[in-house]
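Next comes final27.pdb, with PDB, C-alpha atoms.
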ATOM      1  CA  MET R  19      30.772  33.703  52.952  1.00  0.00           C
ATOM      2  CA  PRO R  20      34.207  32.059  53.234  1.00  0.00           C
ATOM      3  CA  LEU R  21      36.401  31.749  50.148  1.00  0.00           C
ATOM      4  CA  TRP R  22      36.285  27.926  50.094  1.00  0.00           C
ATOM      5  CA  GLU R  23      32.483  28.027  49.975  1.00  0.00           C
ATOM      6  CA  ILE R  24      32.561  30.457  47.027  1.00  0.00           C
ATOM      7  CA  LEU R  25      35.011  28.160  45.207  1.00  0.00           C
ATOM      8  CA  ILE R  26      32.738  25.167  45.766  1.00  0.00           C
ATOM      9  CA  TRP R  27      29.761  27.083  44.315  1.00  0.00           C
ATOM     10  CA  VAL R  28      31.831  28.205  41.311  1.00  0.00           C
ATOM     11  CA  PHE R  29      32.990  24.627  40.721  1.00  0.00           C
ATOM     12  CA  PHE R  30      29.387  23.400  41.017  1.00  0.00           C
ATOM     13  CA  ALA R  31      28.210  26.028  38.510  1.00  0.00           C
ATOM     14  CA  ILE R  32      30.907  25.030  35.996  1.00  0.00           C
ATOM     15  CA  VAL R  33      30.084  21.332  36.317  1.00  0.00           C
ATOM     16  CA  MET R  34      26.324  21.895  35.974  1.00  0.00           C
ATOM     17  CA  THR R  35      26.839  24.139  32.933  1.00  0.00           C
ATOM     18  CA  ALA R  36      28.927  21.418  31.288  1.00  0.00           C
ATOM     19  CA  VAL R  37      26.269  18.797  32.075  1.00  0.00           C
ATOM     20  CA  VAL R  38      23.513  20.953  30.553  1.00  0.00           C
ATOM     21  CA  VAL R  39      25.551  21.755  27.418  1.00  0.00           C
ATOM     22  CA  LEU R  40      26.505  18.099  26.905  1.00  0.00           C
ATOM     23  CA  GLY R  41      22.889  17.023  27.472  1.00  0.00           C
ATOM     24  CA  ILE R  42      21.608  19.486  24.881  1.00  0.00           C
ATOM     25  CA  GLY R  43      24.300  18.281  22.452  1.00  0.00           C
ATOM     26  CA  ALA R  44      23.355  14.625  23.020  1.00  0.00           C
ATOM     27  CA  VAL R  45      19.660  15.313  22.413  1.00  0.00           C
ATOM     28  CA  GLY R  46      20.503  17.228  19.226  1.00  0.00           C
ATOM     29  CA  TYR R  47      22.702  14.373  18.001  1.00  0.00           C
ATOM     30  CA  MET R  48      19.997  11.764  18.683  1.00  0.00           C
ATOM     31  CA  ARG R  49      17.329  13.839  16.911  1.00  0.00           C
ATOM     32  CA  ARG R  50      19.555  14.334  13.863  1.00  0.00           C
ATOM     33  CA  GLU R  51      20.420  10.630  13.644  1.00  0.00           C
ATOM     34  CA  ASN R  52      16.785   9.614  14.060  1.00  0.00           C
ATOM     35  CA  ARG R  53      15.799  11.995  11.248  1.00  0.00           C
ATOM     36  CA  LEU R  54      18.491  10.541   8.945  1.00  0.00           C
ATOM     37  CA  TYR R  55      17.275   6.975   9.450  1.00  0.00           C
ATOM     38  CA  SER R  56      13.556   7.879   9.360  1.00  0.00           C
ATOM     39  CA  ALA R  57      13.879   9.683   6.008  1.00  0.00           C
ATOM     40  CA  GLU R  58      13.888   6.366   4.124  1.00  0.00           C
ATOM     41  CA  GLN R  59      10.406   5.515   5.406  1.00  0.00           C
ATOM     42  CA  GLU R  60       9.086   8.860   4.147  1.00  0.00           C
ATOM     43  CA  LEU R  61      10.801   8.278   0.790  1.00  0.00           C
ATOM     44  CA  TRP R  62       9.175   4.831   0.612  1.00  0.00           C
ATOM     45  CA  ALA R  63       5.738   6.410   1.091  1.00  0.00           C
ATOM     46  CA  SER R  64       6.175   8.437  -2.092  1.00  0.00           C
ATOM     47  CA  LEU R  65       8.049   5.791  -4.104  1.00  0.00           C
ATOM     48  CA  ALA R  66       5.388   3.165  -3.318  1.00  0.00           C
ATOM     49  CA  GLN R  67       3.130   5.078  -5.714  1.00  0.00           C
ATOM     50  CA  THR R  68       5.554   6.418  -8.327  1.00  0.00           C
ATOM     51  CA  GLY R  69       8.786   4.433  -8.007  1.00  0.00           C
ATOM     52  CA  GLN R  70      10.142   1.700 -10.236  1.00  0.00           C
ATOM     53  CA  PRO R  71      10.594  -1.762  -8.696  1.00  0.00           C
ATOM     54  CA  ALA R  72      14.012  -3.401  -8.585  1.00  0.00           C
ATOM     55  CA  ASP R  73      15.665  -6.345  -6.884  1.00  0.00           C
ATOM     56  CA  GLY R  74      18.828  -5.595  -4.982  1.00  0.00           C
ATOM     57  CA  VAL R  75      21.517  -7.624  -3.261  1.00  0.00           C
ATOM     58  CA  ILE R  76      22.823  -6.537   0.122  1.00  0.00           C
ATOM     59  CA  ARG R  77      26.608  -6.266  -0.136  1.00  0.00           C
ATOM     60  CA  ASN R  78      27.162  -4.870   3.325  1.00  0.00           C
ATOM     61  CA  PHE R  79      24.993  -4.622   6.437  1.00  0.00           C
ATOM     62  CA  ARG R  80      25.934  -2.269   9.265  1.00  0.00           C
ATOM     63  CA  ILE R  81      24.219  -1.577  12.544  1.00  0.00           C
ATOM     64  CA  HIS R  82      24.426   2.040  13.735  1.00  0.00           C
ATOM     65  CA  PRO R  83      27.789   2.566  15.470  1.00  0.00           C
ATOM     66  CA  ASP R  84      26.029   3.677  18.665  1.00  0.00           C
ATOM     67  CA  ASN R  85      23.536   0.767  18.425  1.00  0.00           C
ATOM     68  CA  MET R  86      20.656   3.243  18.077  1.00  0.00           C
ATOM     69  CA  THR R  87      17.189   1.778  18.619  1.00  0.00           C
ATOM     70  CA  ARG R  88      13.701   3.187  19.048  1.00  0.00           C
ATOM     71  CA  ALA R  89      10.119   2.003  19.298  1.00  0.00           C
ATOM     72  CA  GLY R  90       8.659   0.772  16.025  1.00  0.00           C
ATOM     73  CA  SER R  91       5.198   1.395  14.643  1.00  0.00           C
ATOM     74  CA  HIS R  92       3.731  -1.365  16.845  1.00  0.00           C
ATOM     75  CA  GLY R  93       5.769  -0.667  19.985  1.00  0.00           C
ATOM     76  CA  GLN R  94       8.478  -3.209  19.179  1.00  0.00           C
ATOM     77  CA  THR R  95      12.183  -2.341  19.051  1.00  0.00           C
ATOM     78  CA  VAL R  96      13.667  -1.320  15.707  1.00  0.00           C
ATOM     79  CA  CYS R  97      17.403  -0.900  15.072  1.00  0.00           C
ATOM     80  CA  ALA R  98      19.059   1.730  12.920  1.00  0.00           C
ATOM     81  CA  VAL R  99      20.965   0.015  10.095  1.00  0.00           C
ATOM     82  CA  VAL R 100      22.682   0.830   6.814  1.00  0.00           C
ATOM     83  CA  LEU R 101      22.108  -1.479   3.853  1.00  0.00           C
ATOM     84  CA  ASP R 102      24.668  -1.173   1.055  1.00  0.00           C
ATOM     85  CA  VAL R 103      22.748  -2.566  -1.913  1.00  0.00           C
ATOM     86  CA  ASP R 104      23.611  -3.326  -5.543  1.00  0.00           C
ATOM     87  CA  TYR R 105      20.715  -3.186  -7.999  1.00  0.00           C
ATOM     88  CA  ALA R 106      20.009  -2.710 -11.697  1.00  0.00           C
ATOM     89  CA  ASP R 107      17.597  -0.052 -12.933  1.00  0.00           C
ATOM     90  CA  THR R 108      15.112  -0.651 -15.765  1.00  0.00           C
ATOM     91  CA  ALA R 109      17.788   0.284 -18.353  1.00  0.00           C
ATOM     92  CA  GLY R 110      20.076  -2.415 -16.941  1.00  0.00           C
ATOM     93  CA  THR R 111      22.543   0.060 -15.425  1.00  0.00           C
ATOM     94  CA  GLN R 112      24.158  -1.295 -12.282  1.00  0.00           C
ATOM     95  CA  ARG R 113      23.647   1.009  -9.292  1.00  0.00           C
ATOM     96  CA  VAL R 114      24.858   1.085  -5.702  1.00  0.00           C
ATOM     97  CA  ALA R 115      22.824   2.580  -2.872  1.00  0.00           C
ATOM     98  CA  SER R 116      23.398   3.015   0.855  1.00  0.00           C
ATOM     99  CA  ILE R 117      20.018   2.890   2.548  1.00  0.00           C
ATOM    100  CA  ARG R 118      19.741   4.130   6.127  1.00  0.00           C
ATOM    101  CA  THR R 119      16.615   2.722   7.721  1.00  0.00           C
ATOM    102  CA  PHE R 120      15.130   1.010  10.764  1.00  0.00           C
ATOM    103  CA  VAL R 121      14.701  -2.786  10.889  1.00  0.00           C
ATOM    104  CA  GLU R 122      12.879  -4.661  13.621  1.00  0.00           C
ATOM    105  CA  ASP R 123      15.431  -6.355  15.857  1.00  0.00           C
ATOM    106  CA  ALA R 124      13.857  -9.785  15.287  1.00  0.00           C
ATOM    107  CA  LEU R 125      14.429  -9.391  11.508  1.00  0.00           C
ATOM    108  CA  VAL R 126      18.067  -8.244  11.709  1.00  0.00           C
ATOM    109  CA  PRO R 127      19.471 -11.797  11.220  1.00  0.00           C
ATOM    110  CA  ARG R 128      17.574 -12.115   7.923  1.00  0.00           C
ATOM    111  CA  PHE R 129      19.315  -9.033   6.562  1.00  0.00           C
ATOM    112  CA  GLN R 130      22.716 -10.360   7.622  1.00  0.00           C
ATOM    113  CA  GLU R 131      22.430 -13.416   5.347  1.00  0.00           C
ATOM    114  CA  PRO R 132      25.102 -13.447   2.623  1.00  0.00           C
ATOM    115  CA  MET R 133      23.874 -12.057  -0.710  1.00  0.00           C
ATOM    116  CA  LYS R 134      20.402 -11.396   0.700  1.00  0.00           C
ATOM    117  CA  VAL R 135      17.976 -10.205  -1.995  1.00  0.00           C
ATOM    118  CA  VAL R 136      15.803  -7.228  -1.069  1.00  0.00           C
ATOM    119  CA  HIS R 137      13.039  -5.615  -3.084  1.00  0.00           C
ATOM    120  CA  LEU R 138      13.461  -1.917  -3.761  1.00  0.00           C
ATOM    121  CA  ARG R 139      11.653   1.051  -5.241  1.00  0.00           C
ATOM    122  CA  TYR R 140      13.631   3.838  -6.882  1.00  0.00           C
ATOM    123  CA  ASP R 141      12.967   7.121  -8.645  1.00  0.00           C
ATOM    124  CA  PRO R 142      13.908   6.725 -12.337  1.00  0.00           C
ATOM    125  CA  ARG R 143      14.733  10.450 -12.542  1.00  0.00           C
ATOM    126  CA  ASN R 144      17.040  10.297  -9.501  1.00  0.00           C
ATOM    127  CA  ALA R 145      18.918   7.014  -9.055  1.00  0.00           C
ATOM    128  CA  THR R 146      20.012   7.996  -5.531  1.00  0.00           C
ATOM    129  CA  SER R 147      16.390   7.978  -4.305  1.00  0.00           C
ATOM    130  CA  VAL R 148      16.048   4.340  -3.287  1.00  0.00           C
ATOM    131  CA  ALA R 149      13.861   2.784  -0.601  1.00  0.00           C
ATOM    132  CA  VAL R 150      13.110  -0.747   0.529  1.00  0.00           C
ATOM    133  CA  ASP R 151       9.798  -2.009  -0.862  1.00  0.00           C
ATOM    134  CA  ARG R 152       8.053  -2.754   2.409  1.00  0.00           C
ATOM    135  CA  GLU R 153       5.258  -4.681   0.704  1.00  0.00           C
ATOM    136  CA  ARG R 154       7.708  -7.283  -0.636  1.00  0.00           C
ATOM    137  CA  THR R 155      10.556  -7.007   1.905  1.00  0.00           C
ATOM    138  CA  PRO R 156       9.055  -6.149   5.296  1.00  0.00           C
ATOM    139  CA  LEU R 157      11.234  -4.286   7.766  1.00  0.00           C
ATOM    140  CA  GLU R 158       8.827  -4.941  10.628  1.00  0.00           C
ATOM    141  CA  ILE R 159       6.871  -8.065  11.534  1.00  0.00           C
ATOM    142  CA  PRO R 160       3.169  -7.486  10.879  1.00  0.00           C
ATOM    143  CA  ARG R 161       1.104  -7.709  14.037  1.00  0.00           C
ATOM    144  CA  ALA R 162      -2.008  -9.853  14.305  1.00  0.00           C
ATOM    145  CA  ALA R 163      -5.289  -7.967  14.236  1.00  0.00           C
ATOM    146  CA  ARG R 164      -6.936  -7.584  17.610  1.00  0.00           C
ATOM    147  CA  HIS R 165     -10.419  -8.984  17.978  1.00  0.00           C
ATOM    148  CA  PRO R 166     -12.818  -7.511  20.551  1.00  0.00           C
TER
END

Now, as a test, write the supplied structure out as structure tokens.
Amino acid sequence: MPLWEILIWVFFAIVMTAVVVLGIGAVGYMRRENRLYSAEQELWASLAQTGQPADGVIRNFRIHPDNMTRAGSHGQTVCAVVLDVDYADTAGTQRVASIRTFVEDALVPRFQEPMKVVHLRYDPRNATSVAVDRERTPLEIPRAARHP
């Protein structure tokens, strides 16, 4: 085999190794980010039963820097967002929370309104455990029931 052909195969092997390593890194990054933003929904499931209600005001609304989206619970598109919220606990103490969650893309403009009030649930033993009360502030548009 001529030397130039060996060099081409070596170059090809280096490029393909880099592509595979970068691909694995990208998948790992996407999985980690998805887990971070999905954690709030799991927290809501537990706080819906045991959490204290509170009303919060969105001070800052940020869409994920990479504009991360995924399919929602009904197949619609949901966007990864961060809601910086001010709220008062039952003792009247002012709290600040940054809530990473997914919001349906059609509802994003509602959350961008100035001083938007959102309903929350929080753990009274751990003020950093805060989730959006999905019963009072939906993050996805309810779908109509299908009739046979």

Which residues would end up in the selection if the PyMOL selection byres ((chain R and resi 113-116) around 6) were applied here, given that I need the answer as an mmCIF file with C-alpha atoms, in the frame of the given file?
data_model
loop_
_atom_site.group_PDB
_atom_site.id
_atom_site.type_symbol
_atom_site.label_atom_id
_atom_site.label_comp_id
_atom_site.auth_asym_id
_atom_site.auth_seq_id
_atom_site.Cartn_x
_atom_site.Cartn_y
_atom_site.Cartn_z
ATOM 1 C CA LEU R 101 22.108 -1.479 3.853
ATOM 2 C CA ASP R 102 24.668 -1.173 1.055
ATOM 3 C CA VAL R 103 22.748 -2.566 -1.913
ATOM 4 C CA ASP R 104 23.611 -3.326 -5.543
ATOM 5 C CA TYR R 105 20.715 -3.186 -7.999
ATOM 6 C CA ALA R 106 20.009 -2.710 -11.697
ATOM 7 C CA GLN R 112 24.158 -1.295 -12.282
ATOM 8 C CA ILE R 117 20.018 2.890 2.548
#

Gap from CA of Gly41 (chain R) to CA of Trp22 (chain R) - Å, one decimal: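 Computing it gives 28.5 Å between the two atoms.
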
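Among the candidates R:Gly43, R:Gly93, R:Pro142, R:Pro71, the one nearest to Asp123 (chain R) when counting only C-alpha atoms is R:Gly93.
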
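Considering all atoms listed in the file, the residue among R:Asp107, R:Leu21, R:Leu125, R:Thr146 positioned nearest to Gln70 (chain R) is R:Asp107.
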
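Remark: for Pro160 (chain R), the closest of the candidate residues R:Thr87, R:Asn144, R:Thr108, R:Gln94 is R:Gln94 (distances computed over all atoms listed in the file).
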
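Shortest separation to Arg50 (chain R) among R:Arg161, R:Val150, R:Lys134, R:Met86 occurs at residue R:Met86, atoms counted being all atoms listed in the file.
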
Residue nearest Arg152 (chain R) among R:Ala63, R:Val100, R:Val39, R:Val135 (counting only C-alpha atoms): R:Ala63

Nearest residue to His82 (chain R) from the set R:Glu51, R:Glu58, R:Glu131, R:Glu122 (distances using all atoms listed in the file):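 So, comparing all the options, the nearest one is R:Glu51.
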
Interatomic distance (Å, one decimal) between CA of Leu65 (chain R) and CA of Leu157 (chain R): 15.9 Å

Distance of CA of Pro83 (chain R) from CA of Tyr47 (chain R), expressed in Å to one decimal place: 13.1 Å

Determine, counting all atoms listed in the file, which protein, DNA and RNA residues have an atom within 6 Å of an atom of Thr119 (chain R); residues of the same chain fewer than 3 positions away are not included. Present the result as a CSV table (one decimal) with C-alpha atoms, in the coordinates of the input.
chain,number,residue,atom,x,y,z
R,55,TYR,CA,17.3,7.0,9.4
R,58,GLU,CA,13.9,6.4,4.1
R,98,ALA,CA,19.1,1.7,12.9
R,99,VAL,CA,21.0,0.0,10.1

Could you put an axis-aligned box around every listed atom of region 60-71 of chain R, padded by 4 Å on each side, and send me its centre and edge lengths in Å to one decimal, as JSON?
{"center_x": 7.0, "center_y": 3.5, "center_z": -3.0, "size_x": 15.7, "size_y": 18.6, "size_z": 22.4}

All heavy atoms for region 71-82 of chain R, written as a PDB file, in the coordinates of the input, could you do that?
ATOM      1  N   PRO R  71      10.114  -0.646  -9.519  1.00  0.00           N
ATOM      2  CA  PRO R  71      10.594  -1.762  -8.696  1.00  0.00           C
ATOM      3  C   PRO R  71      11.952  -2.261  -9.189  1.00  0.00           C
ATOM      4  O   PRO R  71      12.287  -2.153 -10.369  1.00  0.00           O
ATOM      5  CB  PRO R  71       9.519  -2.831  -8.893  1.00  0.00           C
ATOM      6  CG  PRO R  71       8.905  -2.510 -10.211  1.00  0.00           C
ATOM      7  CD  PRO R  71       9.014  -1.025 -10.404  1.00  0.00           C
ATOM      8  N   ALA R  72      12.722  -2.788  -8.260  1.00  0.00           N
ATOM      9  CA  ALA R  72      14.012  -3.401  -8.585  1.00  0.00           C
ATOM     10  C   ALA R  72      14.348  -4.405  -7.496  1.00  0.00           C
ATOM     11  O   ALA R  72      13.894  -4.284  -6.358  1.00  0.00           O
ATOM     12  CB  ALA R  72      15.102  -2.344  -8.691  1.00  0.00           C
ATOM     13  N   ASP R  73      15.140  -5.403  -7.868  1.00  0.00           N
ATOM     14  CA  ASP R  73      15.665  -6.345  -6.884  1.00  0.00           C
ATOM     15  C   ASP R  73      17.117  -5.988  -6.624  1.00  0.00           C
ATOM     16  O   ASP R  73      17.874  -5.756  -7.561  1.00  0.00           O
ATOM     17  CB  ASP R  73      15.572  -7.784  -7.392  1.00  0.00           C
ATOM     18  CG  ASP R  73      14.130  -8.269  -7.453  1.00  0.00           C
ATOM     19  OD1 ASP R  73      13.281  -7.682  -6.759  1.00  0.00           O
ATOM     20  OD2 ASP R  73      13.866  -9.231  -8.189  1.00  0.00           O
ATOM     21  N   GLY R  74      17.465  -5.928  -5.361  1.00  0.00           N
ATOM     22  CA  GLY R  74      18.828  -5.595  -4.982  1.00  0.00           C
ATOM     23  C   GLY R  74      19.447  -6.697  -4.157  1.00  0.00           C
ATOM     24  O   GLY R  74      18.757  -7.558  -3.616  1.00  0.00           O
ATOM     25  N   VAL R  75      20.769  -6.666  -4.069  1.00  0.00           N
ATOM     26  CA  VAL R  75      21.517  -7.624  -3.261  1.00  0.00           C
ATOM     27  C   VAL R  75      22.278  -6.834  -2.212  1.00  0.00           C
ATOM     28  O   VAL R  75      23.000  -5.882  -2.538  1.00  0.00           O
ATOM     29  CB  VAL R  75      22.501  -8.442  -4.130  1.00  0.00           C
ATOM     30  CG1 VAL R  75      23.361  -9.348  -3.267  1.00  0.00           C
ATOM     31  CG2 VAL R  75      21.744  -9.245  -5.163  1.00  0.00           C
ATOM     32  N   ILE R  76      22.116  -7.218  -0.956  1.00  0.00           N
ATOM     33  CA  ILE R  76      22.823  -6.537   0.122  1.00  0.00           C
ATOM     34  C   ILE R  76      24.284  -6.964   0.090  1.00  0.00           C
ATOM     35  O   ILE R  76      24.602  -8.143   0.243  1.00  0.00           O
ATOM     36  CB  ILE R  76      22.214  -6.859   1.501  1.00  0.00           C
ATOM     37  CG1 ILE R  76      20.770  -6.372   1.563  1.00  0.00           C
ATOM     38  CG2 ILE R  76      23.039  -6.218   2.610  1.00  0.00           C
ATOM     39  CD1 ILE R  76      20.055  -6.720   2.847  1.00  0.00           C
ATOM     40  N   ARG R  77      25.162  -6.007  -0.126  1.00  0.00           N
ATOM     41  CA  ARG R  77      26.608  -6.266  -0.136  1.00  0.00           C
ATOM     42  C   ARG R  77      27.224  -6.058   1.233  1.00  0.00           C
ATOM     43  O   ARG R  77      28.231  -6.674   1.567  1.00  0.00           O
ATOM     44  CB  ARG R  77      27.309  -5.357  -1.145  1.00  0.00           C
ATOM     45  CG  ARG R  77      26.923  -5.608  -2.563  1.00  0.00           C
ATOM     46  CD  ARG R  77      27.447  -6.943  -3.006  1.00  0.00           C
ATOM     47  NE  ARG R  77      27.020  -7.187  -4.387  1.00  0.00           N
ATOM     48  CZ  ARG R  77      27.031  -8.348  -4.953  1.00  0.00           C
ATOM     49  NH1 ARG R  77      27.433  -9.396  -4.291  1.00  0.00           N
ATOM     50  NH2 ARG R  77      26.619  -8.494  -6.192  1.00  0.00           N
ATOM     51  N   ASN R  78      26.626  -5.164   2.000  1.00  0.00           N
ATOM     52  CA  ASN R  78      27.162  -4.870   3.325  1.00  0.00           C
ATOM     53  C   ASN R  78      26.006  -4.450   4.224  1.00  0.00           C
ATOM     54  O   ASN R  78      25.113  -3.730   3.796  1.00  0.00           O
ATOM     55  CB  ASN R  78      28.208  -3.748   3.234  1.00  0.00           C
ATOM     56  CG  ASN R  78      28.964  -3.562   4.530  1.00  0.00           C
ATOM     57  OD1 ASN R  78      29.012  -4.447   5.364  1.00  0.00           O
ATOM     58  ND2 ASN R  78      29.558  -2.399   4.691  1.00  0.00           N
ATOM     59  N   PHE R  79      26.025  -4.929   5.450  1.00  0.00           N
ATOM     60  CA  PHE R  79      24.993  -4.622   6.437  1.00  0.00           C
ATOM     61  C   PHE R  79      25.696  -4.075   7.660  1.00  0.00           C
ATOM     62  O   PHE R  79      26.601  -4.718   8.202  1.00  0.00           O
ATOM     63  CB  PHE R  79      24.212  -5.899   6.792  1.00  0.00           C
ATOM     64  CG  PHE R  79      23.198  -5.699   7.882  1.00  0.00           C
ATOM     65  CD1 PHE R  79      21.915  -5.310   7.573  1.00  0.00           C
ATOM     66  CD2 PHE R  79      23.536  -5.899   9.208  1.00  0.00           C
ATOM     67  CE1 PHE R  79      20.979  -5.130   8.579  1.00  0.00           C
ATOM     68  CE2 PHE R  79      22.615  -5.724  10.219  1.00  0.00           C
ATOM     69  CZ  PHE R  79      21.328  -5.335   9.895  1.00  0.00           C
ATOM     70  N   ARG R  80      25.311  -2.874   8.078  1.00  0.00           N
ATOM     71  CA  ARG R  80      25.934  -2.269   9.265  1.00  0.00           C
ATOM     72  C   ARG R  80      24.870  -1.792  10.232  1.00  0.00           C
ATOM     73  O   ARG R  80      23.910  -1.143   9.816  1.00  0.00           O
ATOM     74  CB  ARG R  80      26.791  -1.063   8.868  1.00  0.00           C
ATOM     75  CG  ARG R  80      27.970  -1.412   8.000  1.00  0.00           C
ATOM     76  CD  ARG R  80      28.645  -0.146   7.552  1.00  0.00           C
ATOM     77  NE  ARG R  80      27.628   0.633   6.827  1.00  0.00           N
ATOM     78  CZ  ARG R  80      27.886   1.490   5.877  1.00  0.00           C
ATOM     79  NH1 ARG R  80      29.096   1.745   5.530  1.00  0.00           N
ATOM     80  NH2 ARG R  80      26.921   2.143   5.257  1.00  0.00           N
ATOM     81  N   ILE R  81      25.066  -2.122  11.484  1.00  0.00           N
ATOM     82  CA  ILE R  81      24.219  -1.577  12.544  1.00  0.00           C
ATOM     83  C   ILE R  81      24.823  -0.237  12.946  1.00  0.00           C
ATOM     84  O   ILE R  81      26.031  -0.050  12.899  1.00  0.00           O
ATOM     85  CB  ILE R  81      24.151  -2.554  13.733  1.00  0.00           C
ATOM     86  CG1 ILE R  81      23.418  -3.827  13.290  1.00  0.00           C
ATOM     87  CG2 ILE R  81      23.463  -1.923  14.932  1.00  0.00           C
ATOM     88  CD1 ILE R  81      23.308  -4.900  14.345  1.00  0.00           C
ATOM     89  N   HIS R  82      23.975   0.707  13.326  1.00  0.00           N
ATOM     90  CA  HIS R  82      24.426   2.040  13.735  1.00  0.00           C
ATOM     91  C   HIS R  82      25.570   1.913  14.737  1.00  0.00           C
ATOM     92  O   HIS R  82      25.508   1.073  15.645  1.00  0.00           O
ATOM     93  CB  HIS R  82      23.244   2.797  14.358  1.00  0.00           C
ATOM     94  CG  HIS R  82      23.512   4.230  14.605  1.00  0.00           C
ATOM     95  ND1 HIS R  82      24.133   4.672  15.745  1.00  0.00           N
ATOM     96  CD2 HIS R  82      23.274   5.325  13.859  1.00  0.00           C
ATOM     97  CE1 HIS R  82      24.236   5.978  15.695  1.00  0.00           C
ATOM     98  NE2 HIS R  82      23.717   6.401  14.544  1.00  0.00           N
TER      99      HIS R  82
END
